[in-house]
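To start, the structure itself, in structure tokens.
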Amino acid sequence: MVATAATSSFFPVTPSPDSSDSKKERLGNGSINLGGIKSKTSSSGNLQVKANAQAPPKINGTKVVTPPAEVFKNEGGVSFHPPRTFINQLPDWSMLLAAITTVFLAAEKQWMMLDWKPKRPDMLIDPFGIGKIVQDGLVFRQNFSIRSYEIGADQTASIETVMNHLQETALNHVRSAGLLVDGFGSTPEMCKKNLIWVVTRMQVVVDRYPTWGNVVQVDTWVSASRKNCMRRDWLVRDSKTGEVLTRASSICVMMNKVTRRLSKMPEEVRGEIEPYFMNSEPVVAEDGRKLVKLDDSSAEFVQKGLTPRWSDLDVNQHVNNVKYIGWILESAPLPILETHELSSMTLEYRRECGRDSVLQSLTAVSDNGTDEIECQHLLRLEDGSEVMRGRTQWRPKNAKISGNVGQIPADTA
Amino acid sequence: MLKFPYCNVTDLNQALAQCRFVGLLGPLASRRQSPRAVVSCSPSSSEFSLTPVQAVMSCQQQFGSSLVNRLRLGGLTEDGFSYKEKFIIRGFEVGINKIATIETIANLLQEVGSNHAQSVGFSTDGFGTSPTMRKLHLIWVTARMHIEVYKYPAWRDVIEIETWCQNEGRIGTRRDWILNDVATGEVFGRATSKWVMMNQDTRRMQKVSDDVKEEYLVFCPREPRLAFSEKNNKSLKRIAKLEDPVRYSKLGLKPRRADLDMNQHVNNVTYIGWVLESIPKEIIDTHELQAITLDYRRECQQYNVVDSLTGLELTEGSKMVSVGTNGSATATATTREDDHDCHRFLHLLRLSSDGREINRGRTEWRKKPTR
């Protein structure tokens with residue numbers, strides 16, 4: 001069986017001036033070797049990945065450091081939907097989300113070998129949080145210890161931290177499956193048909209935010225979704241208690257990278273990837289409600305002039321998707337941020353942006369009379385083109401357990 | 001606060017067991033509690049069969065089996081005078097240059113410093129204040145931070161950071177770090193920082209008696225041990241105030257909620273990001289940050305707006321000498337002295353409203369190595 005790889009392209013956009021100096025078109029490298037995917041170089045030479053399914057992963061041993069997106073960037077730039085145009089380049093994050101199909105064959109036993117951990121009898125978890133494949137080779141699991149700097153003003157890990165963990169596990173899943181191969185992560189059949197994955201939707205439900213010192217265990221897997229889509233699910237638990245902290249789900253579809261039109265899943269492709277699907281029920285029930293498009297009149301809060309900082313950019317100088325979430329939250333009214341915590345969100349990705357983009361964040365609040373608050377969001381560029389739509393739900397924060405925080409004063413130690 | 005000037009080992013262990021932060025295992029609540037007992041022992045006393053450090057370490061071993069500790073992969077070194085911890089670089093900690101960002105490095109330095117304080121029984125609120133300090137309403141305030149990185153780690157690299165404290169002058173303390181690449185054993189970075197005690201009510205720096213200092217100095221090596229031991233090293237260099245004309249600027253930076261730490265203050269690491277904001281794309285694309293020094297002058301509040309200014313640092317005629325590798329740290333840096341390859345900037349962060357200085361800084365950039 002062939003090792004298949006699929007990555008998703010995020011949301012193509014109108015070709016922007018700076019896309020011209022980005023990397024060259026990276027065509028999927030024809031055949032992908034199963035069980036022994038050695039270094040592959042993309043046509044532009046930017047990416048080398050050493051993914052060897054037959055040996056334990058080397059820490060610090062790989063020459064390549066290929067943080068996410070590099071692999072998954074593509075150029076192009078035609079409309080995704082007739083009225084909309086797509087961006088050429090992919091946010092790493094989404095690509096990973098789109099994940100792919102894990103290599104099975106050589107696979108199963110070799111997956112266990114990929115689990116690098118010291119031989120400590122009491123070691124239940126991988127020490128460095130590299131992660132491993134579990135459960136019949138379909139699920140990837142990784143642990144994260146919440147660090148002090150990941151704790152935000154709410155005394156808990158922020159939603160950005162949670163999203164970063166999801167991103168990281170998707171990436172590592174793809175990597176451990178030997179799928180960080182070519183620029184598109186498409187299966188051979190997909191490559192033949194010029195198809196790539198595109199992430200369109202993300203849903204996250206947080207039951208409890210982890211706090212400093214917690215260790216979270218993140219499981220991720222992929223499944224078929226409807227007839228032509230693929231879904232990546234995550235389940236985040238407290239390592240110690242098993243309590244479910246977060247559930248998340250993302251949807252991706254196939255798109256023809258040349259015509260920029262959505263495509264049904266060809267039977268040949270289905271044949272390639274179906275075996276790798278877990279095909280479980282979605283971990284988050286799909287929120288079928290339409291996301292409204294806000295405008296200046298319907299939005300109560302508008303924040304303009306949002307510009308990415310250097311640290312917001314991923315390896316390809318595009319704004320990391322997790323940062324979008326930060327932006328939409330930044331423009332939520334402060335009283336809500338201070339008294340409530342984000343309990344769930346549904347996001348639709350439309351377009352990507354880079355260092356020179358200037359964004360606006362629009363927020364509308366609906367109070368349905370209960371303790372919970374719901375907001376609608378829109379992130380757009382100055383010319384009005386949509387970057388992301390979202391809906392967030394907020395619940396009142398738990399009363400603080402201890403009031404000592406107030407005594408610690410202004411200066412950061 | 002209980003004082004045990006003379007105690008046998010059992011009492012010492014029990015007392016330390018109380019002050020040991022079981023908060024590591026428990027919920028946030030217990031984390032927030034101050035230790036109820038603090039052992040204050042004179043190191044010169046010979047009645048003790050255990051030094052305070054040994055006592056803390058044996059105490060730690062009792063709690064060493066916690067899941068967090070195992071995952072944390074850090075602990076006091078054998079002599080108890082420093083703390084080491086391993087980290088793996090995660091994908092989201094890597095930046096546009098495919099390597100760990102300086103913010104990631106700075107965050108890890110902060111994390112390991114905080115874990116060190118915690119491991120010796122100091123506060124777990126992220127500030128590492130000792131019980132006496134809290135009683136006197138004293139907090140640590142960063143005065144200066146200097147980081148040098150010779151080779152940035154990449155995604156999935158495992159690094160080890162060692163940190164320790166030393167006394168510095170009448171009111172200061174320094175914390176030093178050495179950063180190692182676990183796979184190669186090489187030192188890839190060094191850092192040092194200076195902290196002073198400030199009264200949280202008066203907001204003024206405050207001198208303390210030797211007793212108060214002793215409380216934490218017992219955990220510090222007595223002989224000077226410096227991450228930067230070479231003479232005239234860059235960590236000591238005075239930073240001139242950036243004067244007009246300013247070469248590059250980025251105005252109107254606002255703290256985001258995500259920039260706030262658990263105590264609702266603008267995180268120290270955010271300032272590093274702001275300083276770098278005004279560096280132009282041409283430099284970011286072709287160079288990597290070799291060294292950064294920041295003098296912290298004034299705190300920034302959530303509602304402030306900040307301007308980031310950058311100018312060239314005028315050399316004083318002679319070229320910078322390559323940093324030697326003497327001393328307690330081994331530097332594997334090779335400072336490029338060629339003007340084309342190495343850029344040096346002065347920085348100023350100031351309040352947009354009235355121009356008051358928040359930080360001043362100095363950075364050095366070298367041409368990116370081919371990877």
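Every chain in the structure tokens has a letter given in the order shown (A, B, ...), and although residue numbers restart at 1 in each chain, ligands are simply numbered from 1 in the order shown.
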Inset, instruction - Give the strand (DSSP E or B) residues of stretch 129-284 of chain B, as DSSP finds them on the backbone, and put them as a PyMOL selection string. - result: chain B and resi 138-149+154+158-168+172-181+187-199+205+248-253+260+266
Legend entry - Near-B:Ile161 list (7 Å; only C-alpha atoms; drop same-chain fewer than 4 positions) as a ChimeraX atom specification: /B:84-86,177-180
Legend entry - From B:Ser249, B:Gln301, B:Ser130, B:Thr163, residue lying nearest chain A [only C-alpha atoms]: B:Gln301
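Close contacts of B:His343, defined as residues with an atom at most 9 Å away when counting only C-alpha atoms, with chain neighbours fewer than 6 positions off set aside, comprise Ile283, His287, Leu312, Glu313, Thr363, Glu364, Trp365, Arg366 and Lys367 of chain B.
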Let's have the selection written as a PDB file, in the first residue's frame, with all heavy atoms.
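For reference, again_9.pdb as written:
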```pdb
ATOM      1  N   ILE B 283      16.570  43.138   7.426  1.00  0.00           N
ATOM      2  CA  ILE B 283      17.451  42.538   8.417  1.00  0.00           C
ATOM      3  C   ILE B 283      16.883  41.196   8.869  1.00  0.00           C
ATOM      4  O   ILE B 283      17.594  40.189   8.974  1.00  0.00           O
ATOM      5  CB  ILE B 283      17.613  43.465   9.646  1.00  0.00           C
ATOM      6  CG1 ILE B 283      18.103  44.839   9.239  1.00  0.00           C
ATOM      7  CG2 ILE B 283      18.499  42.828  10.688  1.00  0.00           C
ATOM      8  CD1 ILE B 283      19.557  44.894   8.856  1.00  0.00           C
ATOM      9  N   HIS B 287      19.327  38.160   8.525  1.00  0.00           N
ATOM     10  CA  HIS B 287      20.158  38.044   9.720  1.00  0.00           C
ATOM     11  C   HIS B 287      19.388  37.388  10.853  1.00  0.00           C
ATOM     12  O   HIS B 287      18.162  37.361  10.855  1.00  0.00           O
ATOM     13  CB  HIS B 287      20.612  39.436  10.179  1.00  0.00           C
ATOM     14  CG  HIS B 287      21.647  40.044   9.286  1.00  0.00           C
ATOM     15  ND1 HIS B 287      21.388  40.426   8.000  1.00  0.00           N
ATOM     16  CD2 HIS B 287      22.957  40.325   9.506  1.00  0.00           C
ATOM     17  CE1 HIS B 287      22.488  40.916   7.461  1.00  0.00           C
ATOM     18  NE2 HIS B 287      23.458  40.881   8.359  1.00  0.00           N
ATOM     19  N   LEU B 312      21.166  52.853  14.545  1.00  0.00           N
ATOM     20  CA  LEU B 312      22.432  52.133  14.473  1.00  0.00           C
ATOM     21  C   LEU B 312      23.273  52.470  15.686  1.00  0.00           C
ATOM     22  O   LEU B 312      23.275  53.606  16.145  1.00  0.00           O
ATOM     23  CB  LEU B 312      23.191  52.531  13.211  1.00  0.00           C
ATOM     24  CG  LEU B 312      22.542  52.124  11.895  1.00  0.00           C
ATOM     25  CD1 LEU B 312      23.382  52.644  10.742  1.00  0.00           C
ATOM     26  CD2 LEU B 312      22.408  50.612  11.817  1.00  0.00           C
ATOM     27  N   GLU B 313      23.993  51.486  16.153  1.00  0.00           N
ATOM     28  CA  GLU B 313      24.908  51.773  17.247  1.00  0.00           C
ATOM     29  C   GLU B 313      26.221  52.203  16.621  1.00  0.00           C
ATOM     30  O   GLU B 313      26.791  51.504  15.799  1.00  0.00           O
ATOM     31  CB  GLU B 313      25.140  50.530  18.115  1.00  0.00           C
ATOM     32  CG  GLU B 313      26.037  50.841  19.306  1.00  0.00           C
ATOM     33  CD  GLU B 313      26.406  49.593  20.086  1.00  0.00           C
ATOM     34  OE1 GLU B 313      26.956  48.666  19.469  1.00  0.00           O
ATOM     35  OE2 GLU B 313      26.157  49.559  21.304  1.00  0.00           O
ATOM     36  N   THR B 363      21.008  45.402  20.322  1.00  0.00           N
ATOM     37  CA  THR B 363      20.982  44.081  19.703  1.00  0.00           C
ATOM     38  C   THR B 363      22.128  43.955  18.725  1.00  0.00           C
ATOM     39  O   THR B 363      22.602  44.939  18.163  1.00  0.00           O
ATOM     40  CB  THR B 363      19.674  43.831  18.926  1.00  0.00           C
ATOM     41  OG1 THR B 363      19.463  44.899  17.999  1.00  0.00           O
ATOM     42  CG2 THR B 363      18.476  43.717  19.832  1.00  0.00           C
ATOM     43  N   GLU B 364      22.545  42.722  18.545  1.00  0.00           N
ATOM     44  CA  GLU B 364      23.544  42.403  17.544  1.00  0.00           C
ATOM     45  C   GLU B 364      22.967  41.331  16.647  1.00  0.00           C
ATOM     46  O   GLU B 364      22.366  40.372  17.126  1.00  0.00           O
ATOM     47  CB  GLU B 364      24.792  41.818  18.219  1.00  0.00           C
ATOM     48  CG  GLU B 364      25.702  42.867  18.779  1.00  0.00           C
ATOM     49  CD  GLU B 364      26.968  42.250  19.347  1.00  0.00           C
ATOM     50  OE1 GLU B 364      27.277  41.082  19.030  1.00  0.00           O
ATOM     51  OE2 GLU B 364      27.631  42.958  20.100  1.00  0.00           O
ATOM     52  N   TRP B 365      23.226  41.495  15.360  1.00  0.00           N
ATOM     53  CA  TRP B 365      22.677  40.547  14.391  1.00  0.00           C
ATOM     54  C   TRP B 365      23.797  40.006  13.531  1.00  0.00           C
ATOM     55  O   TRP B 365      24.679  40.754  13.122  1.00  0.00           O
ATOM     56  CB  TRP B 365      21.666  41.264  13.488  1.00  0.00           C
ATOM     57  CG  TRP B 365      20.517  41.830  14.249  1.00  0.00           C
ATOM     58  CD1 TRP B 365      20.526  42.958  15.039  1.00  0.00           C
ATOM     59  CD2 TRP B 365      19.196  41.309  14.322  1.00  0.00           C
ATOM     60  NE1 TRP B 365      19.293  43.152  15.590  1.00  0.00           N
ATOM     61  CE2 TRP B 365      18.450  42.170  15.164  1.00  0.00           C
ATOM     62  CE3 TRP B 365      18.567  40.198  13.743  1.00  0.00           C
ATOM     63  CZ2 TRP B 365      17.114  41.944  15.445  1.00  0.00           C
ATOM     64  CZ3 TRP B 365      17.223  39.988  14.019  1.00  0.00           C
ATOM     65  CH2 TRP B 365      16.509  40.853  14.871  1.00  0.00           C
ATOM     66  N   ARG B 366      23.718  38.727  13.254  1.00  0.00           N
ATOM     67  CA  ARG B 366      24.717  38.135  12.365  1.00  0.00           C
ATOM     68  C   ARG B 366      23.980  37.576  11.161  1.00  0.00           C
ATOM     69  O   ARG B 366      22.800  37.255  11.223  1.00  0.00           O
ATOM     70  CB  ARG B 366      25.494  37.035  13.085  1.00  0.00           C
ATOM     71  CG  ARG B 366      24.603  35.927  13.550  1.00  0.00           C
ATOM     72  CD  ARG B 366      25.338  34.705  14.038  1.00  0.00           C
ATOM     73  NE  ARG B 366      24.362  33.768  14.552  1.00  0.00           N
ATOM     74  CZ  ARG B 366      24.091  33.589  15.850  1.00  0.00           C
ATOM     75  NH1 ARG B 366      24.771  34.240  16.770  1.00  0.00           N
ATOM     76  NH2 ARG B 366      23.161  32.741  16.228  1.00  0.00           N
ATOM     77  N   LYS B 367      24.721  37.398  10.116  1.00  0.00           N
ATOM     78  CA  LYS B 367      24.109  36.823   8.914  1.00  0.00           C
ATOM     79  C   LYS B 367      23.655  35.404   9.220  1.00  0.00           C
ATOM     80  O   LYS B 367      24.324  34.677   9.917  1.00  0.00           O
ATOM     81  CB  LYS B 367      25.152  36.770   7.792  1.00  0.00           C
ATOM     82  CG  LYS B 367      24.769  37.687   6.654  1.00  0.00           C
ATOM     83  CD  LYS B 367      25.617  37.507   5.445  1.00  0.00           C
ATOM     84  CE  LYS B 367      24.823  37.722   4.180  1.00  0.00           C
ATOM     85  NZ  LYS B 367      24.147  39.006   4.097  1.00  0.00           N
TER      86      LYS B 367
END
```
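Taking atom CA of A:Gln203 as the reference point, atom CA of A:Phe301 is found at 23.0 Å.
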Legend entry - Counting only C-alpha atoms, the option among B:Ala191, B:Val275, B:Ile88, B:Leu309 closest to chain A: B:Ile88
Legend entry - atom CA of A:Ala332 to atom CA of A:Gln155, straight-line distance in Å: 18.6 Å
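Note that the spacing between atom CA of B:Leu108 and atom CA of B:Thr192 amounts to 13.3 Å.
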Legend entry - Who sits within 8 Å of stretch 235-237 of chain A, only C-alpha atoms, same chain under 6 positions skipped, as a PyMOL selection string: chain A and resi 216-220+243-248+283
Residues from last step as file, all heavy atoms, as a CSV table (one decimal), in the first residue's frame:
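So the final result, stored in part_29.csv, reads:
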```
chain,number,residue,atom,x,y,z
A,216,VAL,N,-1.3,17.8,30.0
A,216,VAL,CA,-2.5,17.5,29.2
A,216,VAL,C,-2.0,16.4,28.2
A,216,VAL,O,-0.9,16.4,27.7
A,216,VAL,CB,-3.1,18.7,28.5
A,216,VAL,CG1,-3.6,19.7,29.4
A,216,VAL,CG2,-2.1,19.3,27.5
A,217,GLN,N,-3.0,15.6,27.8
A,217,GLN,CA,-2.7,14.5,26.9
A,217,GLN,C,-3.6,14.8,25.7
A,217,GLN,O,-4.8,14.9,25.8
A,217,GLN,CB,-3.1,13.2,27.5
A,217,GLN,CG,-3.0,12.0,26.5
A,217,GLN,CD,-3.4,10.7,27.1
A,217,GLN,OE1,-2.7,10.1,27.9
A,217,GLN,NE2,-4.6,10.3,26.8
A,218,VAL,N,-3.0,14.9,24.5
A,218,VAL,CA,-3.8,15.3,23.3
A,218,VAL,C,-3.8,14.1,22.4
A,218,VAL,O,-2.7,13.6,22.0
A,218,VAL,CB,-3.2,16.5,22.6
A,218,VAL,CG1,-4.0,16.9,21.4
A,218,VAL,CG2,-3.1,17.7,23.6
A,219,ASP,N,-5.0,13.7,22.0
A,219,ASP,CA,-5.1,12.6,21.0
A,219,ASP,C,-5.7,13.2,19.8
A,219,ASP,O,-6.6,14.0,19.8
A,219,ASP,CB,-6.1,11.5,21.5
A,219,ASP,CG,-5.5,10.6,22.6
A,219,ASP,OD1,-4.3,10.7,22.8
A,219,ASP,OD2,-6.3,9.8,23.2
A,220,THR,N,-5.2,12.8,18.6
A,220,THR,CA,-5.7,13.3,17.4
A,220,THR,C,-5.8,12.2,16.3
A,220,THR,O,-5.0,11.2,16.3
A,220,THR,CB,-4.9,14.4,16.8
A,220,THR,OG1,-5.5,15.0,15.7
A,220,THR,CG2,-3.5,14.1,16.5
A,243,GLU,N,-9.8,13.6,32.9
A,243,GLU,CA,-10.9,14.5,32.7
A,243,GLU,C,-10.7,15.1,31.3
A,243,GLU,O,-9.6,15.5,30.9
A,243,GLU,CB,-10.8,15.6,33.8
A,243,GLU,CG,-11.9,16.7,33.6
A,243,GLU,CD,-11.4,17.9,34.4
A,243,GLU,OE1,-10.4,17.8,35.1
A,243,GLU,OE2,-12.2,18.9,34.4
A,244,VAL,N,-11.8,15.1,30.6
A,244,VAL,CA,-11.8,15.8,29.2
A,244,VAL,C,-11.7,17.3,29.4
A,244,VAL,O,-12.6,17.9,30.0
A,244,VAL,CB,-13.0,15.3,28.4
A,244,VAL,CG1,-13.0,16.1,27.1
A,244,VAL,CG2,-12.9,13.9,28.1
A,245,LEU,N,-10.7,17.9,28.8
A,245,LEU,CA,-10.6,19.3,28.9
A,245,LEU,C,-11.1,20.1,27.7
A,245,LEU,O,-11.8,21.1,27.8
A,245,LEU,CB,-9.1,19.7,29.1
A,245,LEU,CG,-8.4,19.1,30.3
A,245,LEU,CD1,-7.0,19.4,30.4
A,245,LEU,CD2,-9.1,19.5,31.6
A,246,THR,N,-10.8,19.5,26.5
A,246,THR,CA,-11.1,20.2,25.3
A,246,THR,C,-11.4,19.1,24.2
A,246,THR,O,-10.8,18.1,24.2
A,246,THR,CB,-9.9,21.0,24.8
A,246,THR,OG1,-9.6,22.0,25.8
A,246,THR,CG2,-10.1,21.7,23.4
A,247,ARG,N,-12.4,19.5,23.4
A,247,ARG,CA,-12.6,18.7,22.2
A,247,ARG,C,-12.6,19.6,21.0
A,247,ARG,O,-13.1,20.7,21.1
A,247,ARG,CB,-14.0,18.0,22.3
A,247,ARG,CG,-14.1,16.9,23.4
A,247,ARG,CD,-15.5,16.6,23.7
A,247,ARG,NE,-16.3,17.6,24.3
A,247,ARG,CZ,-17.5,18.0,24.0
A,247,ARG,NH1,-18.1,17.3,23.0
A,247,ARG,NH2,-18.1,18.9,24.6
A,248,ALA,N,-12.1,19.1,19.9
A,248,ALA,CA,-12.0,20.0,18.7
A,248,ALA,C,-12.1,19.2,17.4
A,248,ALA,O,-11.8,18.0,17.4
A,248,ALA,CB,-10.7,20.8,18.7
A,283,VAL,N,-16.0,14.2,17.4
A,283,VAL,CA,-15.8,14.4,18.9
A,283,VAL,C,-16.5,15.7,19.3
A,283,VAL,O,-16.9,15.9,20.5
A,283,VAL,CB,-14.3,14.5,19.2
A,283,VAL,CG1,-13.7,15.8,18.7
A,283,VAL,CG2,-14.0,14.3,20.6
```
Legend entry - Distance query A:Leu329 at most 12 Å, only C-alpha atoms, self and fewer than 3 positions along chain excluded, as a PyMOL selection string: (chain A and resi 158-160+301-303+322-326+332-334+336-338+340-342+345+361-364+375-379+390-394) or (chain B and resi 256-258)
For the residues in the current selection, export N, CA and C atoms as an mmCIF file, in the first residue's frame.
```
data_model
loop_
_atom_site.group_PDB
_atom_site.id
_atom_site.type_symbol
_atom_site.label_atom_id
_atom_site.label_comp_id
_atom_site.auth_asym_id
_atom_site.auth_seq_id
_atom_site.Cartn_x
_atom_site.Cartn_y
_atom_site.Cartn_z
ATOM 1 N N SER A 158 -4.144 29.832 28.049
ATOM 2 C CA SER A 158 -5.023 30.582 27.161
ATOM 3 C C SER A 158 -5.533 29.679 26.045
ATOM 4 N N ILE A 159 -6.540 30.155 25.341
ATOM 5 C CA ILE A 159 -7.045 29.378 24.210
ATOM 6 C C ILE A 159 -5.957 29.245 23.145
ATOM 7 N N GLU A 160 -5.101 30.218 23.063
ATOM 8 C CA GLU A 160 -3.984 30.126 22.105
ATOM 9 C C GLU A 160 -3.076 28.953 22.448
ATOM 10 N N PHE A 301 -18.692 46.321 18.042
ATOM 11 C CA PHE A 301 -17.312 46.674 18.349
ATOM 12 C C PHE A 301 -16.468 46.454 17.110
ATOM 13 N N VAL A 302 -15.721 47.459 16.769
ATOM 14 C CA VAL A 302 -14.846 47.336 15.607
ATOM 15 C C VAL A 302 -13.455 47.775 16.017
ATOM 16 N N GLN A 303 -12.496 46.951 15.743
ATOM 17 C CA GLN A 303 -11.120 47.343 16.015
ATOM 18 C C GLN A 303 -10.373 47.363 14.698
ATOM 19 N N VAL A 322 -3.411 30.483 14.705
ATOM 20 C CA VAL A 322 -3.763 30.626 16.108
ATOM 21 C C VAL A 322 -3.855 32.108 16.460
ATOM 22 N N LYS A 323 -3.095 32.908 15.780
ATOM 23 C CA LYS A 323 -3.107 34.337 16.064
ATOM 24 C C LYS A 323 -4.415 34.977 15.661
ATOM 25 N N TYR A 324 -5.059 34.422 14.637
ATOM 26 C CA TYR A 324 -6.360 34.976 14.243
ATOM 27 C C TYR A 324 -7.308 34.922 15.426
ATOM 28 N N ILE A 325 -7.232 33.797 16.111
ATOM 29 C CA ILE A 325 -8.122 33.637 17.245
ATOM 30 C C ILE A 325 -7.806 34.697 18.288
ATOM 31 N N GLY A 326 -6.545 34.930 18.501
ATOM 32 C CA GLY A 326 -6.153 35.996 19.428
ATOM 33 C C GLY A 326 -6.760 37.315 19.014
ATOM 34 N N ALA A 332 -13.039 41.421 21.495
ATOM 35 C CA ALA A 332 -14.230 41.190 22.316
ATOM 36 C C ALA A 332 -14.190 42.212 23.446
ATOM 37 N N PRO A 333 -15.350 42.652 23.871
ATOM 38 C CA PRO A 333 -15.363 43.688 24.898
ATOM 39 C C PRO A 333 -14.677 43.230 26.177
ATOM 40 N N LEU A 334 -13.914 44.113 26.744
ATOM 41 C CA LEU A 334 -13.127 43.766 27.917
ATOM 42 C C LEU A 334 -13.956 43.238 29.077
ATOM 43 N N ILE A 336 -16.426 41.356 29.023
ATOM 44 C CA ILE A 336 -16.684 39.939 28.794
ATOM 45 C C ILE A 336 -15.423 39.137 29.072
ATOM 46 N N LEU A 337 -14.299 39.649 28.589
ATOM 47 C CA LEU A 337 -13.047 38.928 28.777
ATOM 48 C C LEU A 337 -12.711 38.776 30.248
ATOM 49 N N GLU A 338 -13.095 39.763 31.020
ATOM 50 C CA GLU A 338 -12.702 39.715 32.424
ATOM 51 C C GLU A 338 -13.607 38.841 33.267
ATOM 52 N N HIS A 340 -15.863 36.420 31.868
ATOM 53 C CA HIS A 340 -16.242 35.150 31.245
ATOM 54 C C HIS A 340 -15.036 34.485 30.614
ATOM 55 N N GLU A 341 -15.194 33.202 30.383
ATOM 56 C CA GLU A 341 -14.156 32.492 29.655
ATOM 57 C C GLU A 341 -14.785 31.847 28.420
ATOM 58 N N LEU A 342 -13.944 31.692 27.405
ATOM 59 C CA LEU A 342 -14.414 31.140 26.148
ATOM 60 C C LEU A 342 -14.755 29.667 26.343
ATOM 61 N N MET A 345 -16.017 27.694 20.307
ATOM 62 C CA MET A 345 -15.974 28.565 19.147
ATOM 63 C C MET A 345 -16.090 27.751 17.871
ATOM 64 N N SER A 361 -11.180 43.847 13.100
ATOM 65 C CA SER A 361 -11.905 42.803 13.809
ATOM 66 C C SER A 361 -13.244 43.359 14.255
ATOM 67 N N LEU A 362 -14.319 42.716 13.815
ATOM 68 C CA LEU A 362 -15.669 43.174 14.152
ATOM 69 C C LEU A 362 -16.326 42.160 15.079
ATOM 70 N N THR A 363 -17.030 42.679 16.056
ATOM 71 C CA THR A 363 -17.684 41.808 17.027
ATOM 72 C C THR A 363 -19.106 42.278 17.281
ATOM 73 N N ALA A 364 -20.022 41.304 17.331
ATOM 74 C CA ALA A 364 -21.388 41.605 17.740
ATOM 75 C C ALA A 364 -21.706 40.677 18.899
ATOM 76 N N CYS A 375 -21.019 35.626 20.887
ATOM 77 C CA CYS A 375 -20.534 36.719 20.035
ATOM 78 C C CYS A 375 -20.363 36.216 18.620
ATOM 79 N N GLN A 376 -20.572 37.127 17.692
ATOM 80 C CA GLN A 376 -20.226 36.839 16.300
ATOM 81 C C GLN A 376 -19.011 37.676 15.944
ATOM 82 N N HIS A 377 -18.157 37.116 15.111
ATOM 83 C CA HIS A 377 -16.915 37.796 14.783
ATOM 84 C C HIS A 377 -16.671 37.805 13.295
ATOM 85 N N LEU A 378 -15.945 38.829 12.885
ATOM 86 C CA LEU A 378 -15.465 38.864 11.510
ATOM 87 C C LEU A 378 -14.082 39.484 11.525
ATOM 88 N N LEU A 379 -13.164 38.817 10.849
ATOM 89 C CA LEU A 379 -11.834 39.391 10.646
ATOM 90 C C LEU A 379 -11.741 39.684 9.160
ATOM 91 N N GLY A 390 -16.475 33.952 12.679
ATOM 92 C CA GLY A 390 -16.509 33.085 13.840
ATOM 93 C C GLY A 390 -17.695 33.335 14.742
ATOM 94 N N ARG A 391 -17.925 32.343 15.560
ATOM 95 C CA ARG A 391 -18.921 32.489 16.613
ATOM 96 C C ARG A 391 -18.271 31.970 17.876
ATOM 97 N N THR A 392 -18.395 32.731 18.952
ATOM 98 C CA THR A 392 -17.817 32.279 20.219
ATOM 99 C C THR A 392 -18.880 32.270 21.285
ATOM 100 N N GLN A 393 -18.728 31.325 22.202
ATOM 101 C CA GLN A 393 -19.618 31.286 23.354
ATOM 102 C C GLN A 393 -18.791 31.425 24.608
ATOM 103 N N TRP A 394 -19.361 32.123 25.568
ATOM 104 C CA TRP A 394 -18.637 32.427 26.800
ATOM 105 C C TRP A 394 -19.490 32.058 27.993
ATOM 106 N N ARG B 256 -1.432 43.356 24.135
ATOM 107 C CA ARG B 256 -2.610 42.545 23.915
ATOM 108 C C ARG B 256 -2.889 41.777 25.192
ATOM 109 N N ARG B 257 -4.086 41.257 25.288
ATOM 110 C CA ARG B 257 -4.392 40.476 26.484
ATOM 111 C C ARG B 257 -3.437 39.292 26.600
ATOM 112 N N ALA B 258 -3.064 38.781 25.437
ATOM 113 C CA ALA B 258 -2.155 37.641 25.438
ATOM 114 C C ALA B 258 -0.750 38.007 25.913
#
```
Legend entry - Selected residue of minimal separation from chain B among A:Arg355, A:Lys193, A:Arg208, A:Arg201, counting only C-alpha atoms: A:Arg355
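Each of B:Val158, B:Ala227, B:Met145, B:Leu251 was checked against B:Trp195 using only C-alpha atoms; the smallest atom-to-atom distance is that of B:Met145.
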Inset, instruction - Considering only C-alpha atoms, return as a ChimeraX atom specification whatever protein or nucleic-acid residues lie within 9 Å of B:Pro255, sequence-local ones (same chain, fewer than 5 positions apart) excluded. - result: /B:260,266,270,300-306
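Within stretch 220-369 of chain A, DSSP run on the backbone puts these residues in alpha helix (DSSP H): Glu267, Glu268, Val269, Arg270, Gly271, Glu272, Ile273, Asn321, Val322, Lys323, Tyr324, Ile325, Gly326, Trp327, Ile328, Leu329, Glu330, Leu334, Pro335, Ile336, Leu337, Glu338 and Thr339 of chain A.
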